[in-house]
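Student: Sending over a structure as structure tokens; questions will come in a sec.
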Amino acid sequence: MSEAMIRVRDVHKSYVRGRQQVEVLHGLTLDIPNGDFVALMGPSGSGKTTLLNLVGGLDRPTSGQIEVAGVRIDQLGSGQLARWRARNVGFVFQFYNLMPVLTAERNVELPLLLTGLSAAQRRKSVAVALEVVGLTDRARHKPKELSGGQEQRVAIARALVSDPTVLICDEPTGDLDRRTADEILGLLQVLNREHGKTIVMVTHDPKAAEFARRTLHLEKGQLLEQAA
Amino acid sequence: MTRLGFVIANLGRRKTRTILTLLSIVTAFLLFGLLQAVNVLFSAGADFVGATRLVTQARVSFTQPLPMRLLPQIESVSGVDQVMWAQWFGGVWQESTQLIVFATDPGRLEAVYPEFVMPADQWRAFRETRTSMIAGRALADQYGWKIGQKLPIGSNIFPQKDGSKSWTFDLVGVFDGKDEEWQRNTNLAYVNFAYFDEANQFGSGRAGTFTIKLADPDRAAEVALAIDTMFENSPDETKTQTERDFNIGFFKQIGDIGLIVRWILFAVFFTLLLVVGNTIAQSVRERIPELAILKTLGFSDGAVLGFVLAEAAALCVIGGIAGLGLATLAGTMVGGGNLPIAVDHRVWTAGLAAIVLLALAVGLLPALRASRLTIVDALAGR
Ligand SMILES: Nc1ncnc2c1ncn2[C@@H]1O[C@H](COP(=O)(O)OP(=O)(O)OP(=O)(O)O)[C@@H](O)[C@H]1O
Ligand SMILES: [Mg+2]
């Protein structure tokens, strides 16, 4: 593993709820090296999703610094951030969040509409991504014709297709049975080991965390320990 | 897939809803096309170009009959070839069906309307039979009238001398139009003026309106002006216009068509705004998480705004063009002849402007809403 891919420095995040301001993250500092696979665990409400959203550039910290692949994303405007996400991060969510009106291959193609790739190049990238997740034979299926595990594979292919350096996964197996979950986690492991993706994954499942290289525990907005 | 492909795919999300919305847009634009055509027609000014006939009516209203004594004066105007007169008879068939029936001089009708064709012996019978009547092909076919029949035709205006409003005429001829357009205009009948004039209770001497066949179409405006000037400040002031404008005025009598048309269009578009607006708003509301995912993937706020607007525009454009197309078709079927309704470029220009306005009106607010979504809140369902 080489230098830090993700650098979080003294990050505070608070939300305004009604007239009250609630701080969720209290000065969090964290380094994730390039090529790491981190499982983030912790009780509900501890701020896992909040942290993930900040690292993925979906939201901005109230204070503190976040650097991903050398870019200070806490300083980007929302337009710049959108462009940065398109190039650098892939997202996988608990409920897959595919477009129900599009087939699997078109769901995977969607992020490529933001690139300058030709139709032929896009088709090729889509085919490769579907191949990686093992869903080539389901390319023409709509999400509701797929099982949960298959939907999540499509979502992973969509996250992969523009070849980002970082994958952000928020409870990717939270809605799947043990066996399917293990398949998905195995896939993430392959992406980490063989394709060199840096992965940050939130999970409630200790078995899932075992697939990662290390596990971080978040409690009440603070990191507890750093197990190697 | 292209961005446009994505927009179209989203329209297929709720097929029934999309189709119903499309149908309402098509219907609205069909109505728009036809009504706008009527509107254009009615709001157009006097147009003497290519007129071969003028109609002289009383200046106040064509319902006010002009006296027969104007005839020689009108005939004396330079540029006038032939003059006929026609009195609206107010024909009624079988108690309740209103017919278009005029009382006129047979010989002059034949001279002024060469577009109406009928065998010579029937023209002769029309001239020589006292109680004669001729009917257009369309009208005769509609009621199954045959030459030789005695037809009881009532009048809701003119009683006979004995006070009875029922008249009987001998059908001596059936005329046709010289071409397809004129054939469409044969749903009227003429009765012999001489008989009508002597038998009606109000007495004789009324001509109704005068129809003038011009010697030279290029002089239409000049002849019209000469006639109206001649009777200026007399008890019988006249208004002379082209036959086409007269026909339009005839329909205008029903009311201020332009105003009615505008109100109908206003109501139609207001309803359309609610229907289509609701469809778009609903379709945005039910896929907030999907829109948030688009942003997550890196689509900018502007791109998301574009997607929603494009969806609204696609609905409006598809429905609007189809509706205007149908209106154009319908226009060519019912239009022409005396009431030349044409869904022409003016109507299309107005229609296309309406499509753009509608798309913006129904799409802008939902599109702004979509573009302003914050990803984390939308994903968390907040
Ligand atoms: N946009 C927001 N507005 C107000 N409060 C928020 C917002 N986002 C998160 N919170 C609050 O911040 C706290 C942490 O939320 P977060 O979603 O990060 O928790 P989590 O660790 O992911 O929990 P879970 O395991 O249930 O997903 C919670 O108390 C939540 O209610
Ligand atoms: Mg969470």
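The chains in the structure tokens are called A, B, ... from first to last as shown; in each chain the residues are counted from 1, and the ligands are counted from 1 in the order shown.
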Can you write out as JSON lines which residues of chain B fall within 12 Å of ligand 2, alongside each residue's closest atom pair and its distance in Å to one decimal, counting only C-alpha atoms and all ligand atoms and ordering rows by chain and ascending residue number?

Tutor:
{"residue": "B:Val376", "atom": "CA", "partner": "ligand 2", "partner_atom_place_in_ligand_line": "1 (Mg)", "distance": 10.7}
{"residue": "B:Leu379", "atom": "CA", "partner": "ligand 2", "partner_atom_place_in_ligand_line": "1 (Mg)", "distance": 10.6}
{"residue": "B:Ala380", "atom": "CA", "partner": "ligand 2", "partner_atom_place_in_ligand_line": "1 (Mg)", "distance": 8.7}

Student: To test your reading of the structure, identify every residue in stretch 28-244 of chain B that backbone DSSP assigns to helix (DSSP H, G or I), and report it as number ranges by chain.

Tutor: B: 28-43, 68-75, 106-112, 120-128, 137-143, 180-183, 193-199, 217-230, 243-244

Student: Taking the chain letters and numbering used in this document, name the residues of stretch 121-253 of chain B that DSSP puts in strand (DSSP E), as an MDAnalysis selection string.

Tutor: chainID B and resid 132:136 150:155 166:177 189:192 206:214 238:242

Student: When the cut-off is 6 Å and you count only C-alpha atoms and all ligand atoms, which residues lie near ligand 1, shown as a PyMOL selection string?

Tutor: (chain A and resi 15+17+24+43-50) or (chain B and resi 377)

Student: Could you write out that same residue set with C-alpha atoms as a compact mmCIF listing (two decimals), in the first residue's frame?

Tutor:
# COMPACT_ATOMS: atom_id res chain seq x y z
CA TYR A 15 -26.93 19.58 10.73
CA ARG A 17 -32.63 20.62 12.75
CA VAL A 24 -22.71 14.55 14.09
CA PRO A 43 -24.20 1.81 15.94
CA SER A 44 -27.04 3.35 14.07
CA GLY A 45 -26.86 7.11 14.09
CA SER A 46 -23.14 7.19 14.81
CA GLY A 47 -22.44 9.13 11.60
CA LYS A 48 -21.23 6.40 9.21
CA THR A 49 -23.32 7.52 6.27
CA THR A 50 -22.45 11.12 7.04
CA ASP B 377 -31.47 14.48 1.86

Student: Applying 8 Å and only C-alpha atoms, which residues near B:Gly173 remain after dropping the ones on its own chain fewer than 5 positions away? List them as a list in words.

Tutor: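 What passes the distance filter is Met118, Gln122, Trp123, Ala125, Phe126, Met133, Ile134, Ala135 and Ile147 of chain B.
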
Student: I need the chain A residues near chain B as number ranges by chain; criterion: at most 9 Å, counting only C-alpha atoms.

Tutor: A: 50, 53, 57-59, 78-87, 89-91, 97-102, 106, 109-111, 113-114, 119, 159

Student: By how many Å are atom CA of B:Ala28 and atom CA of B:Val362 apart?

Tutor: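 These atoms are spaced 14.9 Å apart.
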
Student: Using only C-alpha atoms, which of A:Phe93, A:Leu54, A:Asp175, A:Met41 sits nearest A:Lys207?

Tutor: A:Met41
